[in-house]
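Text of entry-v8.pdb, listed as PDB, C-alpha atoms:
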```pdb
ATOM      1  CA  MET A  93      59.573-103.147-159.490
ATOM      2  CA  PHE A  94      58.960 -99.406-159.341
ATOM      3  CA  THR A  95      62.080 -97.458-158.362
ATOM      4  CA  ILE A  96      63.075 -93.856-158.923
ATOM      5  CA  ASN A  97      66.375 -92.877-157.381
ATOM      6  CA  THR A  98      67.792 -89.969-159.349
ATOM      7  CA  ILE A  99      66.641 -86.561-160.589
ATOM      8  CA  GLY A 100      68.382 -84.600-163.320
ATOM      9  CA  PHE A 101      68.019 -80.944-164.294
ATOM     10  CA  ILE A 102      69.118 -79.757-167.704
ATOM     11  CA  GLY A 103      69.236 -76.010-167.180
ATOM     12  CA  CYS A 104      69.795 -74.183-163.883
ATOM     13  CA  GLY A 105      67.854 -70.942-164.201
ATOM     14  CA  LYS A 106      65.656 -69.366-161.546
ATOM     15  CA  MET A 107      62.838 -71.881-161.899
ATOM     16  CA  ALA A 108      65.162 -74.875-161.696
ATOM     17  CA  GLN A 109      66.897 -73.381-158.678
ATOM     18  CA  ALA A 110      63.543 -72.801-156.960
ATOM     19  CA  MET A 111      62.610 -76.450-157.540
ATOM     20  CA  ILE A 112      66.013 -77.722-156.397
ATOM     21  CA  ALA A 113      65.810 -75.582-153.259
ATOM     22  CA  GLY A 114      62.373 -76.959-152.436
ATOM     23  CA  ILE A 115      63.450 -80.557-153.035
ATOM     24  CA  ILE A 116      66.580 -80.175-150.875
ATOM     25  CA  GLN A 117      64.851 -78.257-148.078
ATOM     26  CA  SER A 118      62.140 -80.923-147.841
ATOM     27  CA  SER A 119      64.744 -83.744-147.890
ATOM     28  CA  PHE A 120      62.792 -85.417-150.696
ATOM     29  CA  VAL A 121      66.003 -86.977-152.029
ATOM     30  CA  PRO A 122      69.666 -86.742-150.927
ATOM     31  CA  HIS A 123      71.891 -84.097-152.517
ATOM     32  CA  ASP A 124      73.869 -86.674-154.478
ATOM     33  CA  SER A 125      70.688 -88.045-156.078
ATOM     34  CA  ILE A 126      70.415 -84.809-158.077
ATOM     35  CA  LEU A 127      72.624 -83.914-161.049
ATOM     36  CA  VAL A 128      72.395 -80.565-162.836
ATOM     37  CA  SER A 129      73.828 -79.101-166.007
ATOM     38  CA  ALA A 130      74.084 -75.586-167.422
ATOM     39  CA  LYS A 131      75.795 -73.804-170.279
ATOM     40  CA  THR A 132      78.438 -72.156-168.104
ATOM     41  CA  ASP A 133      80.702 -73.358-165.347
ATOM     42  CA  SER A 134      79.868 -70.261-163.303
ATOM     43  CA  THR A 135      76.155 -71.110-163.225
ATOM     44  CA  CYS A 136      76.866 -74.713-162.284
ATOM     45  CA  LYS A 137      79.171 -73.648-159.456
ATOM     46  CA  LEU A 138      76.605 -71.129-158.198
ATOM     47  CA  VAL A 139      73.978 -73.880-157.931
ATOM     48  CA  HIS A 140      76.481 -76.320-156.425
ATOM     49  CA  ASN A 141      77.569 -73.815-153.772
ATOM     50  CA  ALA A 142      73.978 -72.949-152.900
ATOM     51  CA  TYR A 143      72.493 -76.469-152.810
ATOM     52  CA  LYS A 144      75.477 -78.825-152.665
ATOM     53  CA  VAL A 145      74.344 -80.853-155.669
ATOM     54  CA  PRO A 146      76.723 -82.389-158.262
ATOM     55  CA  TYR A 147      76.971 -80.718-161.658
ATOM     56  CA  THR A 148      78.272 -81.199-165.172
ATOM     57  CA  LEU A 149      78.508 -79.139-168.335
ATOM     58  CA  GLU A 150      77.335 -82.121-170.417
ATOM     59  CA  ASN A 151      73.586 -82.523-170.872
ATOM     60  CA  ARG A 152      74.063 -86.083-172.076
ATOM     61  CA  LYS A 153      75.509 -87.094-168.687
ATOM     62  CA  VAL A 154      72.407 -85.771-166.956
ATOM     63  CA  ALA A 155      70.211 -87.754-169.362
ATOM     64  CA  GLN A 156      72.189 -90.928-168.643
ATOM     65  CA  PHE A 157      71.933 -90.311-164.870
ATOM     66  CA  ALA A 158      68.309 -89.355-164.334
ATOM     67  CA  ASP A 159      65.256 -91.483-163.607
ATOM     68  CA  ILE A 160      63.333 -88.198-163.694
ATOM     69  CA  LEU A 161      64.769 -85.800-166.265
ATOM     70  CA  ILE A 162      63.611 -82.200-165.878
ATOM     71  CA  LEU A 163      64.155 -79.965-168.890
ATOM     72  CA  ALA A 164      64.528 -76.497-167.385
ATOM     73  CA  VAL A 165      65.560 -74.529-170.471
ATOM     74  CA  LYS A 166      63.845 -71.785-172.472
ATOM     75  CA  PRO A 167      61.159 -72.964-174.935
ATOM     76  CA  HIS A 168      63.245 -72.136-178.000
ATOM     77  CA  LEU A 169      66.044 -74.421-176.753
ATOM     78  CA  TYR A 170      63.925 -77.542-176.336
ATOM     79  CA  ALA A 171      64.416 -78.812-179.886
ATOM     80  CA  SER A 172      68.213 -78.653-179.739
ATOM     81  CA  VAL A 173      68.387 -80.140-176.234
ATOM     82  CA  LEU A 174      66.065 -83.008-177.162
ATOM     83  CA  ASP A 175      68.104 -83.735-180.298
ATOM     84  CA  GLU A 176      71.203 -83.820-178.120
ATOM     85  CA  ILE A 177      69.967 -86.169-175.393
ATOM     86  CA  LYS A 178      67.255 -88.322-176.995
ATOM     87  CA  LEU A 179      69.541 -91.347-177.432
ATOM     88  CA  ASP A 180      71.097 -91.027-173.971
ATOM     89  CA  ARG A 181      68.069 -90.898-171.689
ATOM     90  CA  LYS A 182      67.210 -94.000-169.718
ATOM     91  CA  LYS A 183      64.606 -96.191-171.386
ATOM     92  CA  ASP A 184      61.993 -95.726-168.638
ATOM     93  CA  ALA A 185      62.994 -92.192-167.633
ATOM     94  CA  ILE A 186      60.171 -89.750-166.971
ATOM     95  CA  VAL A 187      60.863 -86.540-168.883
ATOM     96  CA  VAL A 188      59.429 -83.397-167.271
ATOM     97  CA  THR A 189      58.926 -80.153-169.165
ATOM     98  CA  ILE A 190      58.498 -76.841-167.355
ATOM     99  CA  ALA A 191      58.347 -74.420-170.305
ATOM    100  CA  ALA A 192      55.291 -72.631-171.642
ATOM    101  CA  GLY A 193      54.078 -73.801-175.035
ATOM    102  CA  ILE A 194      55.855 -77.171-175.021
ATOM    103  CA  ASP A 195      53.071 -79.707-175.418
ATOM    104  CA  LEU A 196      53.046 -83.501-175.397
ATOM    105  CA  GLU A 197      52.800 -83.683-179.191
ATOM    106  CA  PHE A 198      55.986 -81.644-179.537
ATOM    107  CA  MET A 199      57.781 -83.997-177.143
ATOM    108  CA  TYR A 200      56.558 -87.081-179.046
ATOM    109  CA  THR A 201      58.178 -85.666-182.179
ATOM    110  CA  TYR A 202      61.605 -86.041-180.574
ATOM    111  CA  LEU A 203      61.161 -88.897-178.094
ATOM    112  CA  GLY A 204      58.467 -91.048-179.681
ATOM    113  CA  GLU A 205      54.928 -91.741-178.495
ATOM    114  CA  GLU A 206      56.140 -94.412-176.080
ATOM    115  CA  ALA A 207      57.943 -91.802-173.986
ATOM    116  CA  LYS A 208      56.860 -91.055-170.422
ATOM    117  CA  ILE A 209      56.309 -87.312-170.313
ATOM    118  CA  ILE A 210      55.072 -84.883-167.704
ATOM    119  CA  ARG A 211      54.087 -81.438-168.967
ATOM    120  CA  SER A 212      54.232 -79.111-165.981
ATOM    121  CA  MET A 213      54.068 -75.448-165.034
ATOM    122  CA  PRO A 214      55.581 -74.698-161.610
ATOM    123  CA  ASN A 215      56.229 -71.218-160.210
ATOM    124  CA  THR A 216      59.028 -69.505-158.312
ATOM    125  CA  PRO A 217      57.438 -69.572-154.813
ATOM    126  CA  SER A 218      58.636 -73.196-154.902
ATOM    127  CA  LEU A 219      61.824 -71.670-153.491
ATOM    128  CA  VAL A 220      60.082 -71.191-150.122
ATOM    129  CA  GLY A 221      57.941 -74.325-150.255
ATOM    130  CA  GLU A 222      54.808 -72.495-151.420
ATOM    131  CA  GLY A 223      54.895 -73.278-155.122
ATOM    132  CA  MET A 224      51.914 -74.092-157.305
ATOM    133  CA  THR A 225      52.620 -76.773-159.903
ATOM    134  CA  VAL A 226      50.044 -77.788-162.486
ATOM    135  CA  PHE A 227      50.723 -80.764-164.737
ATOM    136  CA  CYS A 228      49.350 -83.269-167.205
ATOM    137  CA  HIS A 229      50.941 -86.499-168.396
ATOM    138  CA  SER A 230      51.298 -88.868-171.304
ATOM    139  CA  LYS A 231      49.330 -92.104-171.168
ATOM    140  CA  GLN A 232      52.530 -94.106-170.682
ATOM    141  CA  VAL A 233      53.037 -92.734-167.147
ATOM    142  CA  THR A 234      51.758 -95.313-164.657
ATOM    143  CA  LYS A 235      49.604 -94.630-161.602
ATOM    144  CA  GLU A 236      52.551 -95.404-159.331
ATOM    145  CA  GLU A 237      54.782 -93.024-161.261
ATOM    146  CA  MET A 238      52.055 -90.377-161.102
ATOM    147  CA  LYS A 239      51.976 -90.762-157.339
ATOM    148  CA  PHE A 240      55.727 -90.218-157.180
ATOM    149  CA  ILE A 241      55.565 -87.151-159.440
ATOM    150  CA  LYS A 242      52.845 -85.663-157.238
ATOM    151  CA  SER A 243      55.037 -86.268-154.193
ATOM    152  CA  LEU A 244      57.971 -84.625-155.946
ATOM    153  CA  PHE A 245      56.009 -81.493-156.806
ATOM    154  CA  SER A 246      54.387 -81.509-153.352
ATOM    155  CA  SER A 247      57.843 -81.296-151.788
ATOM    156  CA  PHE A 248      57.910 -77.616-152.753
ATOM    157  CA  GLY A 249      54.233 -76.622-152.754
ATOM    158  CA  SER A 250      50.758 -77.518-153.959
ATOM    159  CA  VAL A 251      49.919 -79.670-156.974
ATOM    160  CA  GLN A 252      47.033 -79.809-159.427
ATOM    161  CA  VAL A 253      46.546 -82.309-162.262
ATOM    162  CA  MET A 254      44.947 -80.700-165.321
ATOM    163  CA  GLU A 255      43.729 -81.703-168.781
ATOM    164  CA  GLU A 256      46.322 -80.811-171.389
ATOM    165  CA  LYS A 257      43.888 -78.622-173.328
ATOM    166  CA  LEU A 258      43.955 -76.192-170.374
ATOM    167  CA  MET A 259      47.731 -76.189-169.835
ATOM    168  CA  ASP A 260      48.348 -73.251-172.189
ATOM    169  CA  TYR A 261      46.328 -71.061-169.803
ATOM    170  CA  ILE A 262      48.150 -72.031-166.609
ATOM    171  CA  PRO A 263      51.044 -69.532-166.890
ATOM    172  CA  ALA A 264      48.609 -66.599-166.746
ATOM    173  CA  ILE A 265      46.910 -67.762-163.542
ATOM    174  CA  SER A 266      49.723 -69.392-161.554
ATOM    175  CA  GLY A 267      53.013 -69.530-163.463
ATOM    176  CA  SER A 268      53.420 -65.812-164.202
ATOM    177  CA  SER A 269      50.991 -64.410-161.645
ATOM    178  CA  PRO A 270      53.490 -64.069-158.768
ATOM    179  CA  ALA A 271      54.851 -61.131-160.789
ATOM    180  CA  TYR A 272      51.450 -59.420-160.631
ATOM    181  CA  VAL A 273      51.317 -59.980-156.874
ATOM    182  CA  TYR A 274      54.826 -58.585-156.380
ATOM    183  CA  MET A 275      53.722 -55.455-158.239
ATOM    184  CA  LEU A 276      50.707 -55.196-155.920
ATOM    185  CA  ILE A 277      52.922 -55.546-152.841
ATOM    186  CA  GLU A 278      55.355 -52.974-154.223
ATOM    187  CA  ALA A 279      52.517 -50.522-154.916
ATOM    188  CA  MET A 280      51.053 -51.055-151.441
ATOM    189  CA  GLY A 281      54.528 -50.505-150.006
ATOM    190  CA  ASP A 282      54.812 -47.235-151.913
ATOM    191  CA  GLY A 283      51.453 -46.209-150.489
ATOM    192  CA  GLY A 284      52.709 -46.973-147.008
ATOM    193  CA  VAL A 285      55.868 -44.941-147.558
ATOM    194  CA  ARG A 286      53.732 -42.084-148.864
ATOM    195  CA  SER A 287      51.927 -42.163-145.516
ATOM    196  CA  GLY A 288      55.201 -42.092-143.562
ATOM    197  CA  ILE A 289      55.690 -45.799-142.843
ATOM    198  CA  PRO A 290      59.327 -46.998-143.264
ATOM    199  CA  ARG A 291      59.709 -48.925-146.546
ATOM    200  CA  ASP A 292      60.849 -52.243-145.028
ATOM    201  CA  THR A 293      57.920 -52.157-142.633
ATOM    202  CA  ALA A 294      55.513 -51.198-145.407
ATOM    203  CA  TYR A 295      56.584 -54.165-147.544
ATOM    204  CA  LYS A 296      56.256 -56.515-144.567
ATOM    205  CA  LEU A 297      52.742 -55.286-143.780
ATOM    206  CA  ALA A 298      51.664 -55.557-147.416
ATOM    207  CA  ALA A 299      53.199 -58.993-147.961
ATOM    208  CA  GLN A 300      51.661 -60.395-144.785
ATOM    209  CA  ALA A 301      48.261 -59.033-145.784
ATOM    210  CA  VAL A 302      48.530 -60.802-149.156
ATOM    211  CA  LEU A 303      49.680 -64.029-147.498
ATOM    212  CA  GLY A 304      46.848 -63.879-144.966
ATOM    213  CA  ALA A 305      44.223 -63.116-147.590
ATOM    214  CA  ALA A 306      45.411 -66.029-149.736
ATOM    215  CA  LYS A 307      45.214 -68.395-146.757
ATOM    216  CA  MET A 308      41.694 -67.195-146.022
ATOM    217  CA  VAL A 309      40.632 -68.199-149.541
ATOM    218  CA  LEU A 310      42.381 -71.571-149.354
ATOM    219  CA  GLU A 311      41.446 -72.541-145.800
ATOM    220  CA  THR A 312      37.917 -71.176-145.360
ATOM    221  CA  GLY A 313      36.615 -72.235-148.761
ATOM    222  CA  LYS A 314      34.640 -68.993-148.943
ATOM    223  CA  HIS A 315      34.168 -67.183-152.252
ATOM    224  CA  PRO A 316      36.706 -64.336-152.613
ATOM    225  CA  GLY A 317      33.834 -61.908-153.156
ATOM    226  CA  ARG A 318      32.286 -62.905-149.843
ATOM    227  CA  LEU A 319      35.594 -62.471-148.039
ATOM    228  CA  LYS A 320      35.930 -59.034-149.626
ATOM    229  CA  ASP A 321      32.433 -58.122-148.435
ATOM    230  CA  GLU A 322      33.331 -59.180-144.883
ATOM    231  CA  VAL A 323      36.107 -56.574-144.806
ATOM    232  CA  CYS A 324      33.865 -53.785-146.103
ATOM    233  CA  THR A 325      31.764 -52.164-143.370
ATOM    234  CA  PRO A 326      28.928 -49.861-144.474
ATOM    235  CA  GLY A 327      30.170 -46.320-144.990
ATOM    236  CA  GLY A 328      33.706 -47.395-144.093
ATOM    237  CA  ALA A 329      37.161 -46.777-145.533
ATOM    238  CA  THR A 330      37.539 -50.194-147.183
ATOM    239  CA  ILE A 331      34.493 -49.813-149.435
ATOM    240  CA  GLU A 332      35.889 -46.450-150.539
ATOM    241  CA  ALA A 333      39.137 -48.194-151.491
ATOM    242  CA  VAL A 334      37.207 -50.909-153.344
ATOM    243  CA  ALA A 335      35.191 -48.265-155.192
ATOM    244  CA  ALA A 336      38.418 -46.562-156.273
ATOM    245  CA  LEU A 337      39.801 -49.889-157.536
ATOM    246  CA  GLU A 338      36.632 -50.481-159.521
ATOM    247  CA  GLU A 339      36.732 -46.954-160.946
ATOM    248  CA  HIS A 340      40.272 -47.572-162.200
ATOM    249  CA  LYS A 341      39.334 -50.974-163.666
ATOM    250  CA  PHE A 342      41.428 -53.066-161.267
ATOM    251  CA  ARG A 343      39.703 -56.329-162.213
ATOM    252  CA  GLY A 344      39.695 -55.496-165.910
ATOM    253  CA  THR A 345      43.402 -54.716-165.790
ATOM    254  CA  ILE A 346      44.158 -58.097-164.235
ATOM    255  CA  LEU A 347      42.035 -59.836-166.867
ATOM    256  CA  SER A 348      43.844 -57.914-169.621
ATOM    257  CA  ALA A 349      47.215 -58.901-168.160
ATOM    258  CA  MET A 350      46.185 -62.551-168.109
ATOM    259  CA  GLU A 351      44.975 -62.416-171.705
ATOM    260  CA  ALA A 352      48.272 -60.800-172.764
ATOM    261  CA  CYS A 353      50.087 -63.672-171.069
ATOM    262  CA  ASN A 354      47.812 -66.201-172.798
ATOM    263  CA  GLN A 355      48.420 -64.557-176.166
ATOM    264  CA  LYS A 356      52.187 -64.676-175.727
ATOM    265  CA  ASN A 357      51.998 -68.353-174.805
ATOM    266  CA  ARG A 358      49.984 -69.028-177.959
ATOM    267  CA  GLU A 359      52.619 -67.216-180.026
ATOM    268  CA  MET A 360      55.437 -69.242-178.454
ATOM    269  CA  LYS A 361      53.545 -72.461-179.127
ATOM    270  CA  ALA A 362      53.050 -71.455-182.768
ATOM    271  CA  LYS A 363      56.807 -71.141-183.196
TER     272      LYS A 363
END
```

As C-alpha cells:
Amino acid sequence: MFTINTIGFIGCGKMAQAMIAGIIQSSFVPHDSILVSAKTDSTCKLVHNAYKVPYTLENRKVAQFADILILAVKPHLYASVLDEIKLDRKKDAIVVTIAAGIDLEFMYTYLGEEAKIIRSMPNTPSLVGEGMTVFCHSKQVTKEEMKFIKSLFSSFGSVQVMEEKLMDYIPAISGSSPAYVYMLIEAMGDGGVRSGIPRDTAYKLAAQAVLGAAKMVLETGKHPGRLKDEVCTPGGATIEAVAALEEHKFRGTILSAMEACNQKNREMKAK
C-alpha cells in the first residue's frame, strides 16, 4: 500500500527554508512529519524557531526518518553526503535533488539504478507560495508516487514535469531568474525615486506591476509580445520606453544572462 508520512531535509539553506515554509503554510504535512539537519546548531535552531520543525545535526538520522529525502546542499557536497547516508536511507525512500548539475546518472553512481530519484529545480518564491518547480524522475518512481511529489511541490507553487535533457537549462529560466526580476524591480524603484516618489512606494508600485504583468501572461494565455503591444499606444510614452529598451539591448542582455547561467551549470556538471 502506498504511504508517505515523513519528509526529511539534509541542508537548511535559503532554498530548503523556502520549501519548508511553503509546506508548513499550506498544511501539507504536520510539523513533526518533517525532520531537518544542518552543519551547525545555530542554523538548525533558526529553522526550528521559524517553522517549529524537529532538527538534528546527524544526516544519517534524517535518512533513516524520511520517506521523501530532500538533499538541499550545494552541488559540491552531494558526493560526501550520499556516501554518508546511502546505507541509512529507507529502502523505498524517494530521494529529491534540488541542486544544479546533479543528474540522475550521478545519483545512480551512489544509490544504484534501482533508487527512486526526483531531480528538481525549485525557486525561492516558494517561500510565499508562488514557487516554480520543474522536475524529472527515475523510471522506478511510480505513477502514484509521482502524483504525491506533484502535490508536494504544488503546496508551494506551480509544477512542471520536464525531460531530463532539458533540466540543465531550467536554472536560467526559473531557478535563477527571480534574481533578474529583483534587479528590474530595484531599477524601476530607483527610477521612481529619481522622479520624487518615496522609495518604499516606488518598490511597491514596481513589484505590483511585475506581479500583474506575470498574471496577465499566465491567465490570459496571450503572447507576451501581444500584451506589450496592448500597452503601447501610437505616439505614446510607453513605445518610447520600449524603444529605449531595444536601443540598449534589453532582450539581448537577458539572453546573455541566461546563457551565462547555462554555461556555469555546464561547468558545475563537468566537475

Residues within 10 Å of Lys166 in chain A, only C-alpha atoms, excluding chain neighbours under 2 positions, as a list in words: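 These residues fall inside the cut-off: Gly103, Gly105, Leu163, Ala164, His168, Leu169, Tyr170, Ile190, Ala191, Ala192 and Ile194 of chain A.
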
Could I get the residues of range 102-130 of chain A with an atom no further than 12 Å from an atom of range 198-213 of chain A, each paired with its nearest atom pair and that distance in Å to one decimal, using only C-alpha atoms, sorted by chain and residue number, as JSON lines?
```
{"residue": "A:Met107", "atom": "CA", "partner": "A:Met213", "partner_atom": "CA", "distance": 10.0}
{"residue": "A:Ala108", "atom": "CA", "partner": "A:Met213", "partner_atom": "CA", "distance": 11.6}
{"residue": "A:Met111", "atom": "CA", "partner": "A:Met213", "partner_atom": "CA", "distance": 11.4}
```

Which residue of A:Leu347, A:Ile99, A:Cys104, A:Ala335 approaches Thr135 in chain A most closely, using all atoms listed in the file: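 For Thr135 in chain A, the nearest of the given residues is A:Cys104.
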
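Between CA of Lys242 in chain A and CA of Lys137 in chain A there is a distance of 29.0 Å.
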
Separation of CA of Ile115 in chain A from CA of Leu138 in chain A in Å: 17.0 Å

Result set, the PyMOL selection byres ((chain A and resi 222-231) around 8) on current file, as an MDAnalysis selection string: chainID A and resid 196 207:221 232:234 245 248:256 259 262 266:267

Answer as a PyMOL selection string, residues within 6 Å of (70.9, -83.3, -174.2) using all atoms listed in the file: chain A and resi 151-152+173-174+176-177

Which residue of A:Asp321, A:Asp195, A:Gln117, A:Asp175 approaches Lys257 in chain A most closely, using only C-alpha atoms: A:Asp195

Residue members of the PyMOL selection byres ((chain A and resi 100) around 8) in the file shown, as an MDAnalysis selection string: chainID A and resid 98:99 101:102 126:128 154:155 157:162

Show me, as a CSV table (one decimal) with C-alpha atoms, in the frame of the given file, the residues that have an atom within 9 Å of Tyr143 in chain A when counting all atoms listed in the file, minus same-chain residues fewer than 5 positions from it.
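Result file is out_20.csv:
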```csv
chain,number,residue,atom,x,y,z
A,109,GLN,CA,66.9,-73.4,-158.7
A,112,ILE,CA,66.0,-77.7,-156.4
A,113,ALA,CA,65.8,-75.6,-153.3
A,116,ILE,CA,66.6,-80.2,-150.9
A,123,HIS,CA,71.9,-84.1,-152.5
A,138,LEU,CA,76.6,-71.1,-158.2
```

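Of note, CA of Val309 in chain A and CA of Val323 in chain A are spaced 13.3 Å apart.
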
Dump all heavy atoms of range 112-122 of chain A from the given block, as a PDB file, in the first residue's frame.
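Written output follows (decode.pdb):
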```
ATOM      1  N   ILE A 112      10.300  24.514   3.051  1.00  0.00           N
ATOM      2  CA  ILE A 112       9.704  24.175   4.347  1.00  0.00           C
ATOM      3  C   ILE A 112       8.584  25.153   4.686  1.00  0.00           C
ATOM      4  O   ILE A 112       7.498  24.758   5.120  1.00  0.00           O
ATOM      5  CB  ILE A 112      10.775  24.172   5.452  1.00  0.00           C
ATOM      6  CG1 ILE A 112      11.764  23.017   5.229  1.00  0.00           C
ATOM      7  CG2 ILE A 112      10.136  24.049   6.835  1.00  0.00           C
ATOM      8  CD1 ILE A 112      13.020  23.119   6.067  1.00  0.00           C
ATOM      9  N   ALA A 113       8.841  26.440   4.455  1.00  0.00           N
ATOM     10  CA  ALA A 113       7.822  27.457   4.743  1.00  0.00           C
ATOM     11  C   ALA A 113       6.560  27.202   3.933  1.00  0.00           C
ATOM     12  O   ALA A 113       5.440  27.261   4.456  1.00  0.00           O
ATOM     13  CB  ALA A 113       8.371  28.850   4.437  1.00  0.00           C
ATOM     14  N   GLY A 114       6.736  26.897   2.642  1.00  0.00           N
ATOM     15  CA  GLY A 114       5.579  26.629   1.798  1.00  0.00           C
ATOM     16  C   GLY A 114       4.810  25.401   2.233  1.00  0.00           C
ATOM     17  O   GLY A 114       3.572  25.401   2.276  1.00  0.00           O
ATOM     18  N   ILE A 115       5.539  24.340   2.600  1.00  0.00           N
ATOM     19  CA  ILE A 115       4.899  23.103   3.051  1.00  0.00           C
ATOM     20  C   ILE A 115       4.111  23.340   4.335  1.00  0.00           C
ATOM     21  O   ILE A 115       2.964  22.897   4.480  1.00  0.00           O
ATOM     22  CB  ILE A 115       5.960  22.001   3.266  1.00  0.00           C
ATOM     23  CG1 ILE A 115       6.557  21.557   1.924  1.00  0.00           C
ATOM     24  CG2 ILE A 115       5.356  20.795   3.979  1.00  0.00           C
ATOM     25  CD1 ILE A 115       7.790  20.689   2.054  1.00  0.00           C
ATOM     26  N   ILE A 116       4.715  24.053   5.282  1.00  0.00           N
ATOM     27  CA  ILE A 116       4.061  24.316   6.577  1.00  0.00           C
ATOM     28  C   ILE A 116       2.859  25.236   6.397  1.00  0.00           C
ATOM     29  O   ILE A 116       1.775  24.991   6.940  1.00  0.00           O
ATOM     30  CB  ILE A 116       5.062  24.936   7.569  1.00  0.00           C
ATOM     31  CG1 ILE A 116       6.175  23.930   7.914  1.00  0.00           C
ATOM     32  CG2 ILE A 116       4.359  25.407   8.837  1.00  0.00           C
ATOM     33  CD1 ILE A 116       5.703  22.657   8.558  1.00  0.00           C
ATOM     34  N   GLN A 117       3.039  26.311   5.622  1.00  0.00           N
ATOM     35  CA  GLN A 117       1.957  27.280   5.442  1.00  0.00           C
ATOM     36  C   GLN A 117       0.750  26.670   4.740  1.00  0.00           C
ATOM     37  O   GLN A 117      -0.387  27.074   4.980  1.00  0.00           O
ATOM     38  CB  GLN A 117       2.467  28.494   4.670  1.00  0.00           C
ATOM     39  CG  GLN A 117       3.424  29.366   5.478  1.00  0.00           C
ATOM     40  CD  GLN A 117       4.193  30.362   4.630  1.00  0.00           C
ATOM     41  OE1 GLN A 117       3.903  30.565   3.447  1.00  0.00           O
ATOM     42  NE2 GLN A 117       5.190  31.003   5.224  1.00  0.00           N
ATOM     43  N   SER A 118       0.990  25.675   3.888  1.00  0.00           N
ATOM     44  CA  SER A 118      -0.113  25.022   3.177  1.00  0.00           C
ATOM     45  C   SER A 118      -0.700  23.847   3.955  1.00  0.00           C
ATOM     46  O   SER A 118      -1.654  23.222   3.505  1.00  0.00           O
ATOM     47  CB  SER A 118       0.374  24.521   1.814  1.00  0.00           C
ATOM     48  OG  SER A 118       1.317  23.464   1.974  1.00  0.00           O
ATOM     49  N   SER A 119      -0.080  23.539   5.118  1.00  0.00           N
ATOM     50  CA  SER A 119      -0.520  22.406   5.957  1.00  0.00           C
ATOM     51  C   SER A 119      -0.459  21.083   5.190  1.00  0.00           C
ATOM     52  O   SER A 119      -1.302  20.204   5.392  1.00  0.00           O
ATOM     53  CB  SER A 119      -1.946  22.648   6.488  1.00  0.00           C
ATOM     54  OG  SER A 119      -2.002  23.820   7.266  1.00  0.00           O
ATOM     55  N   PHE A 120       0.536  20.952   4.328  1.00  0.00           N
ATOM     56  CA  PHE A 120       0.668  19.727   3.529  1.00  0.00           C
ATOM     57  C   PHE A 120       0.944  18.529   4.429  1.00  0.00           C
ATOM     58  O   PHE A 120       0.393  17.447   4.214  1.00  0.00           O
ATOM     59  CB  PHE A 120       1.779  19.898   2.499  1.00  0.00           C
ATOM     60  CG  PHE A 120       1.888  18.749   1.534  1.00  0.00           C
ATOM     61  CD1 PHE A 120       0.955  18.585   0.525  1.00  0.00           C
ATOM     62  CD2 PHE A 120       2.919  17.828   1.624  1.00  0.00           C
ATOM     63  CE1 PHE A 120       1.045  17.531  -0.368  1.00  0.00           C
ATOM     64  CE2 PHE A 120       3.027  16.766   0.738  1.00  0.00           C
ATOM     65  CZ  PHE A 120       2.081  16.620  -0.257  1.00  0.00           C
ATOM     66  N   VAL A 121       1.822  18.709   5.409  1.00  0.00           N
ATOM     67  CA  VAL A 121       2.067  17.689   6.429  1.00  0.00           C
ATOM     68  C   VAL A 121       2.220  18.392   7.772  1.00  0.00           C
ATOM     69  O   VAL A 121       2.550  19.585   7.824  1.00  0.00           O
ATOM     70  CB  VAL A 121       3.353  16.858   6.134  1.00  0.00           C
ATOM     71  CG1 VAL A 121       3.192  16.032   4.876  1.00  0.00           C
ATOM     72  CG2 VAL A 121       4.582  17.735   6.065  1.00  0.00           C
ATOM     73  N   PRO A 122       2.017  17.700   8.891  1.00  0.00           N
ATOM     74  CA  PRO A 122       2.231  18.308  10.208  1.00  0.00           C
ATOM     75  C   PRO A 122       3.706  18.639  10.430  1.00  0.00           C
ATOM     76  O   PRO A 122       4.594  18.049   9.799  1.00  0.00           O
ATOM     77  CB  PRO A 122       1.774  17.211  11.185  1.00  0.00           C
ATOM     78  CG  PRO A 122       0.961  16.259  10.369  1.00  0.00           C
ATOM     79  CD  PRO A 122       1.506  16.320   8.980  1.00  0.00           C
TER      80      PRO A 122
END
```
